[in-house]
Structures are given as structure tokens and as C-alpha cells.
Protein chains: 2
Amino acid sequence: MPTTPVTPAADPYSAACPSRQLLDRIGDKWTVLVLGVLTQSPRRYGEIARAVEGVSQKMLTQTLRHLERDGMVVRTVHATVPVRVDYELTDLGRSLSGPLAVLEAWAVEHIDVIEQARAAYDAPAPGEGSGGVGDGRGVRSGSRPSR
Amino acid sequence: MPTTPVTPAADPYSAACPSRQLLDRIGDKWTVLVLGVLTQSPRRYGEIARAVEGVSQKMLTQTLRHLERDGMVVRTVHATVPVRVDYELTDLGRSLSGPLAVLEAWAVEHIDVIEQARAAYDAPAPGEGSGGVGDGRGVRSGSRPSR
DNA sequence: CTGCATCCGATAGGATACTG
DNA sequence: CAGTATCCTATCGGATGCAG
């Protein structure tokens with residue numbers, strides 16, 4: 001496979017779809033958080049670990065490796081006595097913050113409605129046995145089937 | 001917890017953060033795909049199953065239930081002889097397509113650079129022993145550490 | 001300090017069989 | 001047709017221990 005096999009990439013239902021690849025990456029537990037920390041300024045490994053708080057070394061390292069592999073961050077090792085490693089966003093990494101901000105804005109703006117919907121869905125079925133509904137047109141499932 | 005414990009929601013590193021909740025939802029394997037299918041028009045269960053292609057009933061049903069719970073889709077059951085169920089996006093669900101499109105645009109636009117970066121990362125270390133780099137300032141890790 | 005290796009529990013997700 | 005239930009595997013992710 002010398003030249004890239006083109007891969008249409010126009011098919012949203014393919015695993016090779018750019019959207020899917022991006023979602024697989026940012027959908028994990030830490031990537032976006034790490035990206036957020038690095039957006040502010042370059043950071044050392046330990047700083048990121050402390051900033052994100054809750055992430056294990058394993059996951060932090062894995063996340064950083066993935067970001068590095070994708071060309072989103074640059075890893076610089078300083079051969080000092082206590083080893084020091086800096087991570088810095090690349091232009092590519094920085095360019096992602098825009099779309100991410102859009103998504104975050106949507107989330108913040110609609111979280112209330114979502115949580116209301118969840119509460120309504122989780123609540124026990126409302127008494128709908130009063131009015132006549134036998135029109136055979138269809139029934140909205142207001143609450144969870146069984147859970 | 002009767003009244004919501006407030007949960008600042010301003011802390012990006014909390015599991016209760018709106019952004020995290022959204023990412024947890026769209027980060028899974030099928031949600032965005034199902035959303036995409038429904039964006040076009042209301043669909044029956046079987047139609048979605050065929051359109052997404054590759055999704056199992058289990059996952060499709062689970063995804064639809066999640067979307068319904070979050071108030072993104074409305075599920076309507078028609079009590080006909082062969083049962084018929086329609087799924088339709090709500091205004092909330094439709095409003096998400098914008099941010100999603102932004103993300104997709106970014107992915108499509110940068111996928112080439114990302115794949116190049118990946119190829120470079122996966123490739124064996126390039127011979128950088130030529131030029132003088134012994135300034136002790138730091139070394140960029142050009143390729144993967146071991147795998 | 002930074003990170004890799006290993007063990008281990010939790011969860012996501014696929015295949016299959018069965019039901020209203 | 002539209003699910004539900006069960007089983008099983010792969011992966012995710014945390015804890016711990018070791019190393020350069």
C-alpha cells in the first residue's frame with residue numbers, strides 16, 4: 001500500500017471516516033481535558049497530572065502519546081538531572097479548540113433541558129388513563145419501558 | 001439529593017461538567033451516526049438499522065433509548081398488526097447538528113495532516129545524527145518510544 | 001521526575017436466541 | 001417488526017511496582 005488507498009471518506013458509516021476517528025479520540029475520558037490544560041500554555045508532565053487531577057499516569061501518558069502521534073502536541077525531553085518533559089500544543093492542536101468550544105457552548109446551553117428530559121424519562125409513568133386516547137394513531141413512550 | 005447539589009459546573013474536570021456529559025454521549029460508537037440518519041427525516045426502527053449498517057439491535061436500541069432519555073428523539077409506537085415504531089428528532093436533537101457539523105468539518109479538513117503525523121510517528125526514527133544538535137536544550141521525540 | 005509493565009475489575013459492545 | 005435477555009469477548013481504565 002504505497003500511495004494511500006484514497007478511502008472515499010465520504011461514507012459516514014465507515015470506520016475510516018474522519019468524523020469517526022475524531023470522535024473516537026475526543027470521546028475518551030481525558031483527551032479533551034488534557035487539551036484544555038495545554039491550551040493555556042505549555043506544561044510539564046507533572047503539571048498536567050496535577051491540573052487534570054483524577055487521571056492516572058497510565059492514562060495521562062497514553063493520552064499524551066495519542067495526541068503526540070496525531071500531531072496535536074509536541075513532546076520535548078530535557079536531559080537534566082531530574083528528567084523534565086514539556087508538552088506543547090501544535091497549530092493543529094490549537095485549531096481544534098474552536099470546534100471544541102462550539103460543542104462546549106452547546107452543552108452548557110442545553111444541559112438544563114437535557115436533565116429535565118432525563119428526569120421526566122426516569123419518573124414513573126404519569127396517569128394517562130383518564131382521557132380517551134384510543135385513536136390508534138400512535139403512542140409516545142413517555143417513560144422508560146422497564147429500566 | 002432532592003434539589004440538585006448545585007455542582008458548580010464551571011469546573012471542567014468534574015464528571016458533572018456539561019461538556020463531559022455531552023462527550024460521553026457522542027463519544028460512543030453509534031450515537032452520532034444515528035443522529036445523522038434521523039437528521040434527514042423521521043425513520044422507523046428497521047430503517048435506521050439498515051441505514052447505519054453494522055449496528056446490532058442491542059446497540060441500536062440502547063442508543064435510541066439514550067437519545068430518547070436525553071430528549072433528543074421522540075419515540076412513537078403504532079399499535080398496528082406488525083408493530084411499527086417511528087423515531088423523530090426533537091428541536092433539541094436538531095440543534096445539535098450544527099456543533100456536530102463544525103466538528104466534522106474540522107475532521108475532514110485536518111484528517112490528512114493527522115494521518116501524516118501518525119505515519120511519521122509510527123515510522124522508524126529518522127537519522128538525525130547528522131547536524132549538530134548537542135545544545136542540551138531538549139530533544140523532540142520524533143517516533144514512538146517502543147511501540 | 002517521568003514513564004513503562006503488570007495485574008485486575010468495570011464496562012462497552014457483538015452474537016445469538018427468544019417474545020409480544 | 002421491534003425489541004428483550006443472556007452470554008461472551010475486547011477494551012478501558014485504575015492501582016501498584018519498578019526503572020532510567
# chains A, B, ... in the order shown; residues from 1 in each chain; ligands from 1
>>> select_by_dssp(residues="region 46-94 of chain A", states="alpha helix (DSSP H)", output="list of chain:residue names")
A:Gly46, A:Glu47, A:Ile48, A:Ala49, A:Arg50, A:Ala51, A:Val52, A:Gln57, A:Lys58, A:Met59, A:Leu60, A:Thr61, A:Gln62, A:Thr63, A:Leu64, A:Arg65, A:His66, A:Leu67, A:Glu68, A:Arg69, A:Asp91, A:Leu92, A:Gly93, A:Arg94
>>> interface_residues(of="chain B", to="chain D", cutoff="9 Å", atoms="only C-alpha atoms (C1' of nucleotides)", output="PDB file with C-alpha atoms, in the first residue's frame")
ATOM      1  CA  TYR B  45     -36.530   1.261  13.701  1.00  0.00           C
ATOM      2  CA  GLY B  46     -35.751  -1.108  10.863  1.00  0.00           C
ATOM      3  CA  GLN B  57     -30.113  -4.445  17.724  1.00  0.00           C
ATOM      4  CA  LYS B  58     -28.763  -4.195  21.199  1.00  0.00           C
ATOM      5  CA  THR B  61     -31.923   0.134  20.872  1.00  0.00           C
ATOM      6  CA  PRO B  82     -46.855  -5.721  12.719  1.00  0.00           C
ATOM      7  CA  VAL B  83     -45.792  -3.243  15.357  1.00  0.00           C
ATOM      8  CA  ARG B  84     -44.347  -0.075  13.954  1.00  0.00           C
ATOM      9  CA  VAL B  85     -42.141   2.415  15.759  1.00  0.00           C
TER      10      VAL B  85
END
>>> interface_residues(of="chain B", to="chain C", cutoff="12 Å", atoms="only C-alpha atoms (C1' of nucleotides)", output="MDAnalysis selection string")
chainID B and resid 27:30 54:60 62:63 79 81:83 145:147
>>> interface_residues(of="chain B", to="chain A", cutoff="6 Å", atoms="only C-alpha atoms", output="list in words")
Pro18, Ser19, Leu23, Gly27, Arg69, Asp70, Gly71, Arg75, Thr76, Val77, His78, Pro99, Val102, Leu103, Glu104, Ala107, Val108, Ile114, Ala117, Arg118, Tyr121, Gly138, Val139 and Arg140 of chain B
>>> select_by_dssp(residues="region 12-115 of chain A", states="strand (DSSP E)", output="mmCIF file with N, CA and C atoms, in the first residue's frame")
data_model
loop_
_atom_site.group_PDB
_atom_site.id
_atom_site.type_symbol
_atom_site.label_atom_id
_atom_site.label_comp_id
_atom_site.auth_asym_id
_atom_site.auth_seq_id
_atom_site.Cartn_x
_atom_site.Cartn_y
_atom_site.Cartn_z
ATOM 1 N N ARG A 43 3.087 22.799 29.210
ATOM 2 C CA ARG A 43 3.148 22.304 30.570
ATOM 3 C C ARG A 43 4.062 21.093 30.708
ATOM 4 N N ARG A 44 4.528 20.893 31.897
ATOM 5 C CA ARG A 44 5.330 19.719 32.193
ATOM 6 C C ARG A 44 4.386 18.570 32.502
ATOM 7 N N VAL A 73 0.255 17.545 19.807
ATOM 8 C CA VAL A 73 1.175 18.105 20.795
ATOM 9 C C VAL A 73 2.609 17.723 20.452
ATOM 10 N N VAL A 74 3.544 18.499 20.951
ATOM 11 C CA VAL A 74 4.962 18.205 20.771
ATOM 12 C C VAL A 74 5.549 17.890 22.137
ATOM 13 N N ARG A 75 6.299 16.811 22.181
ATOM 14 C CA ARG A 75 6.898 16.370 23.437
ATOM 15 C C ARG A 75 8.383 16.677 23.412
ATOM 16 N N THR A 76 8.851 17.409 24.399
ATOM 17 C CA THR A 76 10.260 17.763 24.461
ATOM 18 C C THR A 76 10.882 17.258 25.757
ATOM 19 N N VAL A 77 11.951 16.476 25.582
ATOM 20 C CA VAL A 77 12.621 15.911 26.754
ATOM 21 C C VAL A 77 13.882 16.699 27.078
ATOM 22 N N HIS A 78 13.989 17.196 28.295
ATOM 23 C CA HIS A 78 15.181 17.904 28.732
ATOM 24 C C HIS A 78 16.026 16.936 29.565
ATOM 25 N N ARG A 84 13.062 16.142 32.732
ATOM 26 C CA ARG A 84 11.942 17.064 32.600
ATOM 27 C C ARG A 84 11.364 16.970 31.203
ATOM 28 N N VAL A 85 10.059 16.886 31.133
ATOM 29 C CA VAL A 85 9.405 16.750 29.834
ATOM 30 C C VAL A 85 8.321 17.802 29.679
ATOM 31 N N ASP A 86 8.406 18.539 28.569
ATOM 32 C CA ASP A 86 7.392 19.565 28.308
ATOM 33 C C ASP A 86 6.473 19.123 27.182
ATOM 34 N N TYR A 87 5.231 19.482 27.316
ATOM 35 C CA TYR A 87 4.259 19.197 26.266
ATOM 36 C C TYR A 87 3.668 20.520 25.804
ATOM 37 N N GLU A 88 3.594 20.667 24.489
ATOM 38 C CA GLU A 88 3.084 21.923 23.951
ATOM 39 C C GLU A 88 2.170 21.647 22.763
ATOM 40 N N LEU A 89 1.119 22.396 22.666
ATOM 41 C CA LEU A 89 0.198 22.208 21.551
ATOM 42 C C LEU A 89 0.827 22.657 20.248
#
>>> atom_distance(atom1="CA of Glu47 (chain A)", atom2="CA of Leu35 (chain A)")
13.1 Å
>>> atom_distance(atom1="CA of Leu64 (chain B)", atom2="CA of Gln40 (chain B)")
15.9 Å
